[in-house]
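Next up, run_26.cif (mmCIF, C-alpha atoms and all ligand atoms):
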data_target
#
loop_
_atom_site.label_atom_id
_atom_site.label_comp_id
_atom_site.auth_asym_id
_atom_site.auth_seq_id
_atom_site.Cartn_x
_atom_site.Cartn_y
_atom_site.Cartn_z
CA MET A 95 -122.28 -192.94 55.34
CA ASN A 96 -120.76 -196.42 55.18
CA LYS A 97 -117.07 -196.94 55.59
CA ALA A 98 -115.69 -197.48 52.07
CA GLY A 99 -114.90 -201.09 51.31
CA LYS A 100 -112.28 -202.61 49.12
CA VAL A 101 -111.79 -204.56 45.92
CA TRP A 102 -109.21 -207.31 45.63
CA VAL A 103 -108.61 -208.23 42.01
CA VAL A 104 -107.69 -211.87 42.43
CA GLY A 105 -105.77 -214.01 39.95
CA LEU A 106 -107.00 -217.60 40.13
CA GLY A 107 -104.17 -219.13 38.10
CA PRO A 108 -104.63 -221.49 35.16
CA GLY A 109 -107.43 -223.62 36.61
CA ASP A 110 -106.25 -226.32 39.02
CA HIS A 111 -106.91 -225.44 42.65
CA SER A 112 -103.35 -226.27 43.63
CA TYR A 113 -102.20 -223.30 41.53
CA ILE A 114 -104.30 -220.77 43.43
CA THR A 115 -101.84 -218.90 45.66
CA PRO A 116 -102.35 -218.75 49.44
CA GLU A 117 -102.66 -214.97 49.11
CA ALA A 118 -105.47 -215.35 46.56
CA LYS A 119 -107.23 -217.72 48.97
CA ASN A 120 -106.75 -215.20 51.82
CA ALA A 121 -108.36 -212.44 49.75
CA ILE A 122 -111.28 -214.67 48.79
CA ALA A 123 -111.71 -215.70 52.44
CA ALA A 124 -111.64 -212.07 53.59
CA ALA A 125 -114.19 -210.90 51.00
CA ASP A 126 -117.92 -210.91 51.70
CA THR A 127 -118.84 -210.62 48.01
CA ILE A 128 -117.41 -212.40 44.97
CA VAL A 129 -117.78 -210.89 41.51
CA GLY A 130 -116.72 -212.68 38.34
CA TYR A 131 -117.43 -214.47 35.11
CA LYS A 132 -119.54 -217.53 35.82
CA THR A 133 -116.92 -220.08 34.72
CA TYR A 134 -114.38 -218.69 37.18
CA ILE A 135 -116.88 -218.49 40.03
CA ASP A 136 -117.72 -222.16 39.41
CA LEU A 137 -114.00 -222.93 39.63
CA ILE A 138 -113.80 -221.68 43.21
CA LYS A 139 -117.23 -222.80 44.48
CA PRO A 140 -115.80 -224.69 47.48
CA LEU A 141 -113.96 -221.54 48.62
CA ILE A 142 -116.91 -219.19 48.56
CA GLU A 143 -119.74 -220.83 50.45
CA GLY A 144 -121.89 -218.37 52.34
CA LYS A 145 -120.70 -215.33 50.41
CA THR A 146 -122.72 -213.15 48.07
CA MET A 147 -121.94 -214.14 44.49
CA ILE A 148 -122.46 -211.89 41.51
CA SER A 149 -121.64 -213.49 38.21
CA ASN A 150 -122.38 -212.58 34.64
CA GLY A 151 -121.40 -213.71 31.16
CA MET A 152 -118.38 -213.12 28.97
CA ARG A 153 -117.72 -209.73 27.34
CA ARG A 154 -119.37 -207.86 30.22
CA GLU A 155 -116.11 -206.99 31.90
CA VAL A 156 -116.75 -203.24 32.30
CA GLU A 157 -120.14 -203.89 33.86
CA ARG A 158 -118.57 -206.39 36.26
CA CYS A 159 -115.98 -203.82 37.34
CA GLU A 160 -118.63 -201.10 37.80
CA THR A 161 -120.56 -203.49 40.02
CA ALA A 162 -117.43 -204.28 42.06
CA VAL A 163 -116.60 -200.57 42.56
CA LYS A 164 -120.18 -199.67 43.51
CA LEU A 165 -120.41 -202.52 46.03
CA ALA A 166 -117.12 -201.43 47.61
CA GLU A 167 -118.47 -197.86 47.78
CA GLU A 168 -121.34 -199.28 49.85
CA GLY A 169 -118.81 -200.75 52.25
CA ARG A 170 -118.52 -204.28 50.87
CA GLU A 171 -115.28 -206.24 50.73
CA VAL A 172 -115.25 -207.54 47.18
CA ALA A 173 -113.09 -210.16 45.47
CA LEU A 174 -113.20 -209.64 41.71
CA VAL A 175 -111.88 -212.90 40.30
CA SER A 176 -109.98 -213.26 37.06
CA SER A 177 -108.25 -216.24 35.44
CA GLY A 178 -104.47 -216.58 35.37
CA ASP A 179 -102.87 -213.27 36.30
CA PRO A 180 -105.44 -210.45 36.52
CA GLY A 181 -102.95 -207.98 35.05
CA ILE A 182 -102.40 -210.01 31.86
CA TYR A 183 -105.42 -209.63 29.58
CA GLY A 184 -107.44 -209.81 32.82
CA MET A 185 -109.60 -207.62 35.04
CA ALA A 186 -106.98 -205.51 36.86
CA GLY A 187 -106.63 -202.75 34.26
CA ILE A 188 -110.35 -202.47 33.61
CA LEU A 189 -111.09 -202.22 37.35
CA LEU A 190 -108.52 -199.42 37.79
CA GLU A 191 -109.84 -197.55 34.74
CA VAL A 192 -113.44 -197.87 35.93
CA LYS A 193 -112.46 -196.69 39.42
CA GLU A 194 -110.89 -193.55 37.90
CA GLN A 195 -113.86 -193.01 35.61
CA LEU A 196 -116.24 -193.19 38.59
CA LYS A 197 -113.91 -190.95 40.64
CA SER A 198 -114.03 -193.51 43.39
CA ASP A 199 -111.51 -193.62 46.21
CA ILE A 200 -112.05 -197.21 47.31
CA ALA A 201 -108.99 -199.30 48.14
CA VAL A 202 -107.83 -201.70 45.44
CA GLU A 203 -105.36 -204.53 45.84
CA ILE A 204 -104.23 -206.71 42.96
CA ILE A 205 -103.26 -210.30 43.75
CA PRO A 206 -101.10 -211.81 41.00
CA GLY A 207 -101.66 -215.32 39.69
CA VAL A 208 -99.90 -217.94 37.61
CA THR A 209 -100.46 -216.85 34.04
CA ALA A 210 -101.11 -219.25 31.15
CA VAL A 211 -97.68 -218.78 29.63
CA SER A 212 -95.91 -219.82 32.86
CA ALA A 213 -98.16 -222.84 33.27
CA ALA A 214 -97.66 -223.92 29.65
CA ALA A 215 -93.90 -223.30 29.72
CA ALA A 216 -93.51 -225.50 32.79
CA ILE A 217 -95.31 -228.32 31.01
CA LEU A 218 -93.20 -227.93 27.86
CA GLY A 219 -89.86 -227.65 29.67
CA ALA A 220 -88.14 -224.27 29.73
CA PRO A 221 -88.94 -222.35 26.54
CA LEU A 222 -88.99 -218.89 28.17
CA MET A 223 -85.42 -218.83 29.47
CA HIS A 224 -84.58 -215.91 27.22
CA ASP A 225 -86.38 -212.74 26.15
CA PHE A 226 -89.92 -213.38 25.05
CA ALA A 227 -92.93 -211.47 23.80
CA ILE A 228 -96.56 -212.22 24.56
CA ILE A 229 -99.00 -211.34 21.80
CA SER A 230 -102.77 -211.79 21.88
CA LEU A 231 -104.25 -212.56 18.46
CA SER A 232 -107.68 -211.32 19.53
CA ASP A 233 -108.71 -208.29 17.51
CA CYS A 234 -111.83 -207.57 19.58
CA LEU A 235 -110.14 -204.57 21.21
CA THR A 236 -106.99 -204.10 19.10
CA ASP A 237 -106.77 -203.55 15.32
CA TRP A 238 -105.35 -206.49 13.42
CA ASP A 239 -102.87 -204.10 11.69
CA ARG A 240 -101.30 -203.27 15.04
CA ILE A 241 -101.18 -206.93 16.10
CA ARG A 242 -99.59 -207.84 12.76
CA LYS A 243 -96.94 -205.14 13.25
CA ARG A 244 -96.10 -206.49 16.70
CA ILE A 245 -95.70 -210.02 15.29
CA HIS A 246 -93.23 -208.63 12.72
CA CYS A 247 -91.28 -206.73 15.40
CA ALA A 248 -91.12 -209.69 17.83
CA ALA A 249 -90.02 -212.05 15.06
CA ASP A 250 -87.44 -209.57 13.77
CA GLY A 251 -86.04 -209.31 17.32
CA ASP A 252 -85.73 -213.12 17.55
CA PHE A 253 -87.94 -213.18 20.64
CA VAL A 254 -89.57 -216.38 21.82
CA ILE A 255 -93.23 -215.60 21.09
CA ALA A 256 -96.23 -216.75 23.13
CA LEU A 257 -99.66 -216.39 21.55
CA TYR A 258 -102.69 -215.89 23.80
CA ASN A 259 -106.19 -216.12 22.26
CA PRO A 260 -104.64 -217.81 19.22
CA LYS A 261 -107.78 -218.89 17.38
CA SER A 262 -111.54 -218.87 17.90
CA SER A 263 -114.36 -220.36 15.86
CA GLN A 264 -114.99 -216.96 14.25
CA ARG A 265 -111.32 -215.97 13.96
CA VAL A 266 -109.34 -218.56 12.06
CA THR A 267 -107.17 -216.62 9.60
CA HIS A 268 -105.04 -214.65 12.09
CA ILE A 269 -103.07 -217.69 13.21
CA GLU A 270 -102.50 -218.60 9.54
CA GLU A 271 -101.20 -215.14 8.77
CA THR A 272 -99.09 -215.20 11.95
CA LYS A 273 -97.39 -218.39 10.79
CA GLU A 274 -96.68 -216.85 7.36
CA ILE A 275 -95.17 -213.72 8.96
CA LEU A 276 -93.05 -215.80 11.34
CA LEU A 277 -91.75 -217.92 8.46
CA THR A 278 -90.30 -214.79 6.83
CA TYR A 279 -88.01 -214.38 9.89
CA LYS A 280 -87.69 -217.81 11.49
CA SER A 281 -86.65 -221.22 10.19
CA PRO A 282 -89.48 -223.64 9.28
CA ASP A 283 -87.89 -226.02 11.81
CA THR A 284 -88.29 -223.59 14.73
CA PRO A 285 -89.74 -225.55 17.67
CA VAL A 286 -93.34 -224.81 18.64
CA GLY A 287 -95.12 -225.93 21.81
CA ILE A 288 -98.90 -226.01 21.90
CA VAL A 289 -100.61 -226.53 25.26
CA ARG A 290 -104.36 -226.83 25.74
CA ASN A 291 -105.77 -226.55 29.27
CA ALA A 292 -102.39 -226.09 30.92
CA LYS A 293 -102.59 -226.99 34.64
CA ARG A 294 -106.33 -227.29 34.28
CA GLY A 295 -107.43 -230.90 34.47
CA GLN A 296 -106.36 -232.91 31.45
CA SER A 297 -103.70 -230.89 29.60
CA GLU A 298 -103.02 -231.62 25.93
CA VAL A 299 -99.45 -231.01 24.87
CA THR A 300 -97.98 -230.96 21.38
CA MET A 301 -94.41 -230.27 20.33
CA THR A 302 -93.95 -229.54 16.68
CA LYS A 303 -92.19 -227.12 14.34
CA LEU A 304 -93.27 -223.83 12.83
CA GLU A 305 -94.08 -225.12 9.34
CA ASP A 306 -96.37 -227.84 10.80
CA MET A 307 -97.99 -225.96 13.65
CA LEU A 308 -101.38 -225.52 11.97
CA THR A 309 -101.88 -229.24 11.51
CA HIS A 310 -102.54 -229.44 15.27
CA LYS A 311 -105.59 -228.42 17.27
CA ILE A 312 -105.48 -224.76 18.33
CA ASP A 313 -108.42 -222.99 19.96
CA MET A 314 -109.24 -220.47 22.70
CA LEU A 315 -108.22 -222.91 25.45
CA THR A 316 -104.77 -223.15 23.92
CA ILE A 317 -101.53 -221.23 24.18
CA VAL A 318 -98.83 -221.45 21.51
CA ILE A 319 -95.13 -220.88 22.23
CA ILE A 320 -92.78 -220.39 19.28
CA GLY A 321 -89.06 -220.66 20.01
CA ASN A 322 -86.22 -218.31 19.14
CA SER A 323 -83.32 -219.26 16.85
CA ASN A 324 -81.62 -221.23 19.66
CA THR A 325 -84.63 -223.12 21.02
CA TYR A 326 -84.56 -226.91 20.65
CA ILE A 327 -86.58 -229.94 21.68
CA LYS A 328 -84.77 -232.87 23.27
CA ASN A 329 -86.15 -235.90 25.10
CA GLY A 330 -89.61 -234.38 25.12
CA LYS A 331 -88.55 -231.03 26.57
CA MET A 332 -88.57 -227.67 24.79
CA ILE A 333 -85.52 -225.67 25.87
CA THR A 334 -84.38 -222.14 25.10
CA PRO A 335 -80.77 -221.87 26.27
CA ARG A 336 -79.99 -218.96 28.56
CA GLY A 337 -76.40 -219.03 27.40
CA TYR A 338 -74.61 -220.99 30.16
CA SER A 339 -71.94 -223.46 29.08
CA VAL A 340 -73.29 -226.81 30.21
N1 LIG B 401 -105.47 -213.57 32.43
C1 LIG B 401 -105.22 -214.83 31.76
C2 LIG B 401 -105.29 -214.70 30.25
C3 LIG B 401 -106.66 -214.38 29.69
S1 LIG B 401 -106.67 -214.33 27.93
C4 LIG B 401 -103.85 -215.37 32.18
O1 LIG B 401 -103.07 -214.64 32.81
O2 LIG B 401 -103.57 -216.55 31.90
C5 LIG B 401 -107.35 -215.95 27.57
C6 LIG B 401 -106.33 -216.79 26.82
O3 LIG B 401 -105.32 -217.22 27.74
C7 LIG B 401 -106.87 -218.07 26.23
O4 LIG B 401 -107.47 -217.86 24.95
C8 LIG B 401 -105.63 -218.94 26.12
O5 LIG B 401 -104.85 -218.56 24.99
C9 LIG B 401 -104.86 -218.51 27.35
N2 LIG B 401 -105.09 -219.42 28.50
C10 LIG B 401 -105.62 -219.09 29.70
N3 LIG B 401 -105.59 -220.16 30.55
C11 LIG B 401 -105.03 -221.17 29.86
C12 LIG B 401 -104.70 -222.53 30.18
N4 LIG B 401 -104.96 -223.05 31.39
N5 LIG B 401 -104.12 -223.30 29.22
C13 LIG B 401 -103.84 -222.79 28.00
N6 LIG B 401 -104.11 -221.51 27.64
C14 LIG B 401 -104.69 -220.72 28.55
#
As a first step, turn the structure in this file into structure tokens.
Ligand code: SAH
Amino acid sequence: MNKAGKVWVVGLGPGDHSYITPEAKNAIAAADTIVGYKTYIDLIKPLIEGKTMISNGMRREVERCETAVKLAEEGREVALVSSGDPGIYGMAGILLEVKEQLKSDIAVEIIPGVTAVSAAAAILGAPLMHDFAIISLSDCLTDWDRIRKRIHCAADGDFVIALYNPKSSQRVTHIEETKEILLTYKSPDTPVGIVRNAKRGQSEVTMTKLEDMLTHKIDMLTIVIIGNSNTYIKNGKMITPRGYSV
């Protein structure tokens, strides 16, 4: 029987190569096989020459993880690549669940990456300096009722709120309803930062306020950050005070 291999679940960061961590590059270099969604594999083409590549389309995440576990069982050293941080709406959890389901005892190592909210916050200024909540508006795997409840709770708690998966071509009303819920707790003037393609080629950045946020382009390549009651925008920077006297 082969010696069992390993799966590294590798976060590739927001897109630009300079945001791939040295540790992620080490894992990719050590792997003999790369598994991932085609777009992400394309992103790291120069790093993976000569390795076996197994890519498939979107929404086939479980299948991808089963493939990675089975290849590791055969003794392969597999890098399963995921955008941003693999533990934030990424592949890490699915891989661990699939490993348990298959009763596999392969080694797994998760390599964190720069997640979209960190990349976007750095572009906007410093909007996450106080407590914040990340909410995905995708209802593919979570009921909209539960997402709606979380929006209410985060707004009631005066959290800064970051929205992942804010709007797709088929899902346009959730962001509208989110804005209406937020307006029942937050001022219409609350600062909002919208970043498209953060740290991924040409970023598009918009700073606006809650009541106007839907007049700007929002899609699945975008992240939206809504401030708390102390957040302000000054000289093109969105700032949430931590509380220091400055
Ligand atoms: N694991 C990823 C998130 C996957 S969910 C991470 O940690 O970043 C996909 C959503 O993340 C997108 O719909 C978008 O809202 C957000 N996103 C990912 N990369 C982004 C980027 N470079 N710029 C803006 N938003 C991004």
- Query: Hey, what's within 8 Å of Asn259 of chain A if we count only C-alpha atoms and toss same-chain stuff fewer than 4 positions away? As a ChimeraX atom specification, please?
  - Reply: /A:230-232,313-317
Could you name the residues that touch segment 204-221 of chain A at 7 Å or less, counting only C-alpha atoms, but leaving out those on the same chain fewer than 4 positions away, as a short mmCIF file (atom, residue, chain, number, x, y, z; two decimals) with C-alpha atoms, in the coordinates of the input?
data_model
loop_
_atom_site.label_atom_id
_atom_site.label_comp_id
_atom_site.auth_asym_id
_atom_site.auth_seq_id
_atom_site.Cartn_x
_atom_site.Cartn_y
_atom_site.Cartn_z
CA TRP A 102 -109.21 -207.31 45.63
CA VAL A 103 -108.61 -208.23 42.01
CA VAL A 104 -107.69 -211.87 42.43
CA GLY A 105 -105.77 -214.01 39.95
CA LEU A 106 -107.00 -217.60 40.13
CA GLY A 107 -104.17 -219.13 38.10
CA PRO A 108 -104.63 -221.49 35.16
CA THR A 115 -101.84 -218.90 45.66
CA ALA A 118 -105.47 -215.35 46.56
CA GLY A 178 -104.47 -216.58 35.37
CA ASP A 179 -102.87 -213.27 36.30
CA PRO A 180 -105.44 -210.45 36.52
CA ALA A 186 -106.98 -205.51 36.86
CA ALA A 256 -96.23 -216.75 23.13
CA GLY A 287 -95.12 -225.93 21.81
CA VAL A 289 -100.61 -226.53 25.26
CA ALA A 292 -102.39 -226.09 30.92
CA LYS A 293 -102.59 -226.99 34.64
CA GLY A 321 -89.06 -220.66 20.01
CA LYS A 331 -88.55 -231.03 26.57
CA MET A 332 -88.57 -227.67 24.79
CA ILE A 333 -85.52 -225.67 25.87
CA THR A 334 -84.38 -222.14 25.10
#
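Computed from the coordinates, the atom CA of Asp233 of chain A to atom CA of Val286 of chain A distance equals 22.6 Å.
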Need the axis-aligned box for segment 194-211 of chain A with 8 Å each side, so what are the centre and edges in Å to one decimal, as JSON?
{"center_x": -107.0, "center_y": -205.1, "center_z": 38.9, "size_x": 34.6, "size_y": 44.3, "size_z": 34.5}
- Item | All residues 12 Å or closer to Val101 of chain A, all atoms listed in the file, same chain fewer than 2 positions away omitted, as a PyMOL selection string | chain A and resi 98-99+103-104+121-122+124-129+158-175+185-186+189-190+193+198-205
- Message: For a test of reading the model, state the distance in Å between atom CA of Ile229 of chain A and atom C10 of ligand LIG 401 (chain B), rounded to one decimal.
- Response: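 Taking atom CA of Ile229 of chain A and atom C10 of ligand LIG 401 (chain B), their separation equals 12.9 Å.
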